[in-house]
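Here the structure comes first, spelled out in structure tokens, and everything after it is commentary.
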Amino acid sequence: MSRPLQRGVLGGQRLSGNIQDYLEDSQMKVKTDKEEFDKNSKTSSDHVSLTLRNPFQFLFSDNSASKQDAIENGYIVADPYTPTTLRNRHMLTLLFLKLSLVVIVILGLTMSFLWTISLTTSSGGHVVRGYRRLQEQLVSDLWDIGEISLGATRFKESEFCPQEYENYVPCFNITANLESGLTEGKEFDRRCGPMSKQNCLVLAPPKYKIPHRWPTGRDVIWIDNVKITAQEVLSAGSLTKRMMMLDEDQISFSFASSMVDDNIEDYSHQIAEMIGLRNESYLVQAGVRTVLDIGCGYGSLGAHLFPKQLLTMCIANYEASGSQVEIALERGLPAMVGSFASKQLPFPSLSFDMIHSAWDGIDWDKKDGIHLIEVDRVLRPGGYFVWTSPYANTPASVRDKENLKRWDFVRNFAKDLCWDLLSQQDKTVVWKKPSKKNCYTSRKHGSGPLICKEGRDVESPYYHPLEACIGGTRSRRWMPIEERATWPSRATLNSKELAVHGVLPDDFTEDSLNWKSAVWDYWSLLSPLIFSDHPKRPGEEDPIPPYNMVRNVLDMNAHFGGFNSALLDARKSVWVMNVVPTSGVNHLPLILDRGFVGVLHDWCEAFPTYPRTYDMVHADGLLSLQTTKQSRCSMLDLFYEIDRLLRPEGWVILRDTAPLIESARIITARMKWEARVIEIDNNNDEKLLVCQKPLIRSQANSL
């Protein structure tokens, strides 16, 4: 069959799959960069000026300058390179240079201290800011002097991970959990510890290819990009066979593929009718925007609903092979590894308008209905729970006493949760969560779970144990979905809604305007031209990065979700995983109320997803946040995790203080990324770091 064009800028041919060739080229590049650095250290560093529409003027700095073993605001910055060409320095010369460095440091710090005293009587704020910048420059200059004195003997590159790490997801070790005696679903729980960190670069599989661009990539993926073999596809059960087809080295998906007893289009149409709508296109008008799909198969429901302006987040257990989450992400659909066998999901209460569960294998009738209670917690008032199960009240299940017992428990427990059973057709049942709270107080004493007490009703839990009480009822965010603005108006919260989150309208508006301007300029940087010998921003004569240049975007410090909103306003064909660090201010409820998807996460731990799942990783102020709030991990640990998450030829855009960006630039050399530091006009305190990850395949069975 004729294959669609590949997504990558260079069609996946930037680097050979032969690792030895790459390492030889890398060593030559390091040698050239070092010679250029030695030359530039004697003269002033040149910058190439780029003029953008607004608000930046970019100045590209060389990649050759480096700083070593630095401690920057509590972050450990490890050694960047390992050239071997300068290791024959004479010991006497090295000792002399080190002693010279000590003298220079002492003199520099002494003069800085004396000047500080002289400034104590000065009252101008601009003088203080200028002094701080000069201090930063002094540290930077001393760092460069230290690099020159130590030479290249202490540079080193990161190692590649063994081949078994190709599909490695830290914190999920089912075998170890079973050996420790964890059962009844607890073996799928996320457990992070010191041994969960990976200190190497995960290689792409030997036959990895750059994914197709959206929307082609939604329907066709390369089989070698995911951990599923052709034999597994062909030997899968009838349900899986009807959902995907193997065509040479590709897997094809179709909206006509079956999800239950009929095709996915008819199935979603049936759900809409059961709610009382003409078809699924009217779900948005009914207040539905975000859907949580538990055990999503391979994302077929989310793929079908996406053109209807419905955003579906898939969660499923970790699977070593044939993963639902990995394949959904490869198709460009929102997904993450998640299990709530014993712990709450990392979402705030009242997060989703609809929750869908079909053939998920969850024992909803076990553990006193605690899984249904967790569904109720994350479901918004007036939201819908759609459940398709083989033991729903069908003629076949009625004849099976065990299935009938399960169905009776689920039906009765849903009633105790005050859910209204809207409709049942065949094996599918739709319930509606109450819009008002009075049902909870009018229940008979002893019927159903109690309302959570204030200390147990945590709005944004982070993998807390499951609670056996009804949560979310104390939240100020309790608002029925039918009373919320419909999408896309929902993305702009009104002053009353912002007040619930403690955000001023002016701050929200300013944040939105800033991100619209920033995204306009960010997009122009997604070009290999910025890494050329003569870096430049693409002009009229150059190809403009297309609207579907990237699909899966990870925002590591999402703030208000402004980056997500600006990308959609610019009509970029993306979805964004908005991550709110546990060490920062929790704006995740606000982000979810805007109709986006996101999750809480501790960036000293591995993100719950598979390698090579995001086209772009973005972080604004994350390095500063981590340096002030975290001491358990280094900046190098963070970059190893970014490299694991990023697809080959994927992009990284970091914005932070100038010293931290310079420190980060050093580490990018260890990651083997191409990188440029970009100065922001009228902002001497912050810089951008724009990087692209190369395609490096493992050697085994390489073409």
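Going by the structure tokens order, chains are called A, B, ..., each with residues numbered from 1, while ligands are numbered from 1 in the order shown.
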
* Find the residues around Trp523 (chain A) up to 12 Å (only C-alpha atoms counted), leave out those fewer than 4 positions away in its own chain, and share them as a VMD selection string. => chain A and resid 52 515 to 519 527 537 to 538 544 to 550 563 566 to 567 570 to 572 616 651 to 653 690

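Those residues that approach Met577 (chain A) to within 10 Å, counting only C-alpha atoms, are Met313, Pro334, Ala335, Met336, Asn552, Val553, Leu554, Asp555, Met556, Ala558, Gly561, Asn564, Phe596, Val597, Gly598, Val599, Tyr614 and Val617 of chain A; same-chain residues fewer than 6 positions away are not listed.
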
* Looking only at alpha helix (DSSP H) from DSSP on the backbone, list the matching residues of region 314-509 of chain A as a PyMOL selection string. => chain A and resi 324-330+370-378+395-399+401-416+438-442+495-500+505-509

Written file, previous selection with N, CA and C atoms, as a short mmCIF file (atom, residue, chain, number, x, y, z; two decimals), in the first residue's frame:
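Output file result_35.cif is given in full below:
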```
data_model
loop_
_atom_site.label_atom_id
_atom_site.label_comp_id
_atom_site.auth_asym_id
_atom_site.auth_seq_id
_atom_site.Cartn_x
_atom_site.Cartn_y
_atom_site.Cartn_z
N GLN A 324 -2.34 -0.54 26.06
CA GLN A 324 -3.39 0.36 25.59
C GLN A 324 -2.89 1.81 25.61
N VAL A 325 -2.20 2.19 26.68
CA VAL A 325 -1.73 3.56 26.83
C VAL A 325 -0.69 3.89 25.78
N GLU A 326 0.27 3.00 25.57
CA GLU A 326 1.34 3.27 24.60
C GLU A 326 0.78 3.42 23.20
N ILE A 327 -0.13 2.55 22.81
CA ILE A 327 -0.68 2.61 21.46
C ILE A 327 -1.57 3.84 21.29
N ALA A 328 -2.35 4.19 22.32
CA ALA A 328 -3.18 5.39 22.24
C ALA A 328 -2.31 6.63 22.05
N LEU A 329 -1.22 6.74 22.81
CA LEU A 329 -0.31 7.88 22.67
C LEU A 329 0.37 7.88 21.30
N GLU A 330 0.72 6.71 20.81
CA GLU A 330 1.34 6.63 19.49
C GLU A 330 0.37 7.14 18.42
N ILE A 370 -15.70 0.54 46.56
CA ILE A 370 -14.79 1.68 46.72
C ILE A 370 -14.35 2.25 45.38
N HIS A 371 -14.33 1.44 44.31
CA HIS A 371 -13.97 1.95 42.99
C HIS A 371 -15.07 2.84 42.42
N LEU A 372 -16.32 2.51 42.69
CA LEU A 372 -17.42 3.37 42.27
C LEU A 372 -17.39 4.70 43.02
N ILE A 373 -16.94 4.67 44.27
CA ILE A 373 -16.82 5.91 45.05
C ILE A 373 -15.75 6.80 44.43
N GLU A 374 -14.64 6.22 43.95
CA GLU A 374 -13.59 7.02 43.31
C GLU A 374 -14.08 7.62 42.00
N VAL A 375 -14.89 6.87 41.24
CA VAL A 375 -15.50 7.42 40.03
C VAL A 375 -16.37 8.62 40.39
N ASP A 376 -17.16 8.49 41.45
CA ASP A 376 -18.03 9.59 41.88
C ASP A 376 -17.20 10.82 42.26
N ARG A 377 -16.03 10.60 42.88
CA ARG A 377 -15.20 11.72 43.32
C ARG A 377 -14.72 12.57 42.15
N VAL A 378 -14.26 11.95 41.07
CA VAL A 378 -13.68 12.72 39.96
C VAL A 378 -14.73 13.14 38.94
N PRO A 395 -30.45 -10.68 29.34
CA PRO A 395 -31.02 -12.03 29.52
C PRO A 395 -29.97 -13.08 29.87
N ALA A 396 -28.77 -12.96 29.27
CA ALA A 396 -27.73 -13.94 29.56
C ALA A 396 -27.24 -13.82 30.99
N SER A 397 -27.08 -12.58 31.47
CA SER A 397 -26.58 -12.39 32.83
C SER A 397 -27.61 -12.79 33.88
N VAL A 398 -28.89 -12.63 33.55
CA VAL A 398 -29.94 -13.02 34.49
C VAL A 398 -29.91 -14.52 34.74
N ARG A 399 -29.58 -15.28 33.71
CA ARG A 399 -29.50 -16.73 33.87
C ARG A 399 -28.28 -17.15 34.67
N LYS A 401 -26.31 -16.71 37.92
CA LYS A 401 -26.57 -16.17 39.25
C LYS A 401 -25.42 -15.27 39.73
N GLU A 402 -24.20 -15.64 39.39
CA GLU A 402 -23.06 -14.83 39.83
C GLU A 402 -23.08 -13.47 39.16
N ASN A 403 -23.35 -13.43 37.86
CA ASN A 403 -23.44 -12.16 37.15
C ASN A 403 -24.61 -11.32 37.66
N LEU A 404 -25.73 -11.99 37.94
CA LEU A 404 -26.89 -11.28 38.46
C LEU A 404 -26.58 -10.65 39.82
N LYS A 405 -25.83 -11.36 40.63
CA LYS A 405 -25.43 -10.84 41.95
C LYS A 405 -24.55 -9.59 41.78
N ARG A 406 -23.63 -9.65 40.84
CA ARG A 406 -22.76 -8.49 40.59
C ARG A 406 -23.57 -7.29 40.10
N TRP A 407 -24.49 -7.55 39.17
CA TRP A 407 -25.29 -6.46 38.63
C TRP A 407 -26.15 -5.82 39.71
N ASP A 408 -26.74 -6.62 40.56
CA ASP A 408 -27.58 -6.09 41.64
C ASP A 408 -26.77 -5.20 42.58
N PHE A 409 -25.52 -5.60 42.87
CA PHE A 409 -24.70 -4.79 43.76
C PHE A 409 -24.40 -3.43 43.12
N VAL A 410 -23.97 -3.43 41.86
CA VAL A 410 -23.62 -2.17 41.18
C VAL A 410 -24.83 -1.26 41.08
N ARG A 411 -25.97 -1.82 40.71
CA ARG A 411 -27.19 -1.02 40.56
C ARG A 411 -27.61 -0.40 41.89
N ASN A 412 -27.58 -1.19 42.94
CA ASN A 412 -28.00 -0.69 44.26
C ASN A 412 -27.00 0.31 44.83
N PHE A 413 -25.71 0.06 44.61
CA PHE A 413 -24.70 0.97 45.14
C PHE A 413 -24.75 2.31 44.41
N ALA A 414 -24.99 2.28 43.09
CA ALA A 414 -25.14 3.53 42.34
C ALA A 414 -26.31 4.34 42.88
N LYS A 415 -27.37 3.65 43.28
CA LYS A 415 -28.51 4.35 43.88
C LYS A 415 -28.12 4.99 45.20
N ASP A 416 -27.29 4.28 46.00
CA ASP A 416 -26.83 4.84 47.27
C ASP A 416 -25.93 6.06 47.06
N ASN A 438 -28.67 17.88 47.94
CA ASN A 438 -29.68 17.54 48.94
C ASN A 438 -29.97 16.05 49.01
N CYS A 439 -29.67 15.31 47.94
CA CYS A 439 -29.92 13.87 47.95
C CYS A 439 -29.10 13.17 49.04
N TYR A 440 -27.87 13.66 49.25
CA TYR A 440 -26.99 12.99 50.21
C TYR A 440 -27.56 13.08 51.63
N THR A 441 -28.17 14.20 51.95
CA THR A 441 -28.71 14.38 53.31
C THR A 441 -30.07 13.73 53.48
N SER A 442 -30.76 13.46 52.37
CA SER A 442 -32.11 12.88 52.46
C SER A 442 -32.09 11.36 52.44
N SER A 495 -15.15 36.05 35.88
CA SER A 495 -14.58 36.56 37.13
C SER A 495 -15.07 35.76 38.34
N LYS A 496 -16.32 35.32 38.30
CA LYS A 496 -16.85 34.52 39.42
C LYS A 496 -16.12 33.19 39.53
N GLU A 497 -15.90 32.54 38.38
CA GLU A 497 -15.19 31.26 38.39
C GLU A 497 -13.74 31.44 38.81
N LEU A 498 -13.11 32.52 38.36
CA LEU A 498 -11.72 32.78 38.75
C LEU A 498 -11.61 33.04 40.25
N ALA A 499 -12.61 33.68 40.81
CA ALA A 499 -12.59 33.97 42.25
C ALA A 499 -12.59 32.68 43.06
N VAL A 500 -13.26 31.65 42.56
CA VAL A 500 -13.25 30.36 43.23
C VAL A 500 -11.84 29.82 43.35
N PRO A 505 -8.93 38.49 37.69
CA PRO A 505 -9.18 38.54 36.24
C PRO A 505 -8.04 39.20 35.46
N ASP A 506 -7.45 40.27 36.01
CA ASP A 506 -6.36 40.94 35.30
C ASP A 506 -5.16 40.02 35.15
N ASP A 507 -4.85 39.24 36.17
CA ASP A 507 -3.73 38.31 36.08
C ASP A 507 -4.00 37.23 35.04
N PHE A 508 -5.23 36.76 35.00
CA PHE A 508 -5.60 35.73 34.03
C PHE A 508 -5.52 36.27 32.61
N THR A 509 -6.01 37.49 32.41
CA THR A 509 -5.98 38.10 31.08
C THR A 509 -4.56 38.35 30.62
#
```

* Asked: Could you state the separation of CA of Ala606 (chain A) and CA of Phe352 (chain A) in Å, given to one decimal place?
  ->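 Atom-to-atom, CA of Ala606 (chain A) to CA of Phe352 (chain A), that is 24.5 Å.
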
* Would you return as a list of chain:residue names the members of region 589-625 of chain A that DSSP assigns to strand (DSSP E or B) on this structure's backbone? =>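 Output for region 589-625 of chain A, strand (DSSP E or B) only: A:Val597, A:Gly598, A:Val599, A:Leu600, A:His601, A:Tyr614, A:Asp615, A:Met616, A:Val617, A:His618, A:Ala619, A:Asp620.
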
Convert the current residue selection to file output with C-alpha atoms, as a PDB file, in the first residue's frame.
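What landed in selection29.pdb:
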```pdb
ATOM      1  CA  VAL A 597      -6.619  17.698  30.718  1.00  0.00           C
ATOM      2  CA  GLY A 598      -3.799  17.490  33.212  1.00  0.00           C
ATOM      3  CA  VAL A 599      -2.373  15.777  36.245  1.00  0.00           C
ATOM      4  CA  LEU A 600      -0.418  16.410  39.432  1.00  0.00           C
ATOM      5  CA  HIS A 601       3.148  15.115  39.396  1.00  0.00           C
ATOM      6  CA  TYR A 614       5.645  13.270  23.357  1.00  0.00           C
ATOM      7  CA  ASP A 615       6.569  15.419  20.343  1.00  0.00           C
ATOM      8  CA  MET A 616       7.270  18.515  22.431  1.00  0.00           C
ATOM      9  CA  VAL A 617       8.207  19.089  26.072  1.00  0.00           C
ATOM     10  CA  HIS A 618       7.751  22.619  27.399  1.00  0.00           C
ATOM     11  CA  ALA A 619       8.594  24.088  30.794  1.00  0.00           C
ATOM     12  CA  ASP A 620       8.360  27.686  31.963  1.00  0.00           C
TER      13      ASP A 620
END
```

Kindly assemble as JSON lines a list of the region 357-476 of chain A residues that lie within 12 Å of region 585-589 of chain A, each paired with its nearest atom pair and their distance in Å to one decimal, using only C-alpha atoms, sorted first by chain and then by ascending residue number.
```
{"residue": "A:Val378", "atom": "CA", "partner": "A:Pro589", "partner_atom": "CA", "distance": 11.1}
{"residue": "A:Arg380", "atom": "CA", "partner": "A:Pro589", "partner_atom": "CA", "distance": 11.8}
{"residue": "A:Glu459", "atom": "CA", "partner": "A:Pro589", "partner_atom": "CA", "distance": 8.6}
{"residue": "A:Ser460", "atom": "CA", "partner": "A:Pro589", "partner_atom": "CA", "distance": 7.9}
{"residue": "A:Pro461", "atom": "CA", "partner": "A:Asn586", "partner_atom": "CA", "distance": 11.0}
{"residue": "A:Tyr462", "atom": "CA", "partner": "A:Asn586", "partner_atom": "CA", "distance": 11.4}
{"residue": "A:Gly472", "atom": "CA", "partner": "A:Pro589", "partner_atom": "CA", "distance": 12.0}
{"residue": "A:Ser475", "atom": "CA", "partner": "A:Pro589", "partner_atom": "CA", "distance": 10.6}
{"residue": "A:Arg476", "atom": "CA", "partner": "A:Pro589", "partner_atom": "CA", "distance": 10.8}
```

* To do: Find the residues around Glu187 (chain A) up to 7 Å (only C-alpha atoms counted), leave out those fewer than 4 positions away in its own chain, and share them as a VMD selection string.
  => chain A and resid 174 177 to 178 182 to 183

* Structure fact -> Closest of A:His356, A:Leu201, A:Trp364, A:Phe347 to Val580 (chain A), counting only C-alpha atoms, is A:Phe347

* To do: Enter the distance from CA of Pro611 (chain A) to CA of Pro205 (chain A), in Å, rounded to one decimal.
  =>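 Separation of CA of Pro611 (chain A) and CA of Pro205 (chain A): 10.7 Å.
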
* Asked: Skipping near chain neighbours, those fewer than 3 positions away, what residues fall within 12 Å of Ala176 (chain A) using only C-alpha atoms, listed as number ranges by chain?
  -> A: 171-173, 179-183, 186-191

* Asked: Given the choices A:Asp400, A:Asp420, A:Asp643, A:Glu454, which gets closest to Ile275 (chain A) if the distance is worked out from only C-alpha atoms?
  ->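 Smallest distance to Ile275 (chain A) is found for A:Asp420.
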
* To do: Could you tell me which of A:Ser447, A:Gln270, A:Gln699, A:Thr492 comes closest to Lys427 (chain A) if we count only C-alpha atoms?
  =>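 Using only C-alpha atoms, Lys427 (chain A) sits closest to A:Gln270.
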
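Taking CA of Gln250 (chain A) and CA of Asp224 (chain A) as the two end points, the separation is 8.1 Å.
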
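Comparing the minimum interatomic distances between Asp219 (chain A) and each of A:Gly332, A:Gly276, A:Gly295, A:Pro581, counting only C-alpha atoms, we find that A:Gly332 sits nearest.
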
* Non-local contacts of Ser624 (chain A) (9 Å; only C-alpha atoms; under 5 positions in same chain excluded) as a list of chain:residue names -> A:Asn73, A:Lys629, A:Asp656, A:Thr657, A:Leu660

* Nearest candidate to Gly361 (chain A) (options A:Thr312, A:Ser389, A:Ser349, A:Asn682; using only C-alpha atoms) ->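 For Gly361 (chain A), the nearest of the given residues is A:Ser389.
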
* Among listed residues A:Leu379, A:Ala485, A:Ile221, A:Ile470, nearest Arg331 (chain A) (using only C-alpha atoms) -> A:Ile221

Can you pull out every residue within 7 Å of Asn317 (chain A), counting only C-alpha atoms, but drop anything in the same chain fewer than 3 positions away, and send it as a compact mmCIF listing (two decimals) with N, CA, C and O atoms, in the first residue's frame?
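As a result, around17.txt now contains:
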```txt
# COMPACT_ATOMS: atom_id res chain seq x y z
N PHE A 188 -0.47 -3.70 40.23
CA PHE A 188 -0.42 -2.70 39.17
C PHE A 188 -0.18 -1.29 39.71
O PHE A 188 -0.07 -0.34 38.94
N VAL A 337 -0.59 5.98 32.18
CA VAL A 337 -0.71 4.78 32.98
C VAL A 337 -1.35 5.15 34.31
O VAL A 337 -0.90 6.09 34.98
N GLY A 338 -2.40 4.44 34.68
CA GLY A 338 -3.08 4.76 35.92
C GLY A 338 -3.86 3.58 36.44
O GLY A 338 -4.51 2.86 35.67
N SER A 339 -3.77 3.34 37.73
CA SER A 339 -4.51 2.26 38.38
C SER A 339 -5.09 2.78 39.67
O SER A 339 -4.43 3.51 40.41
```
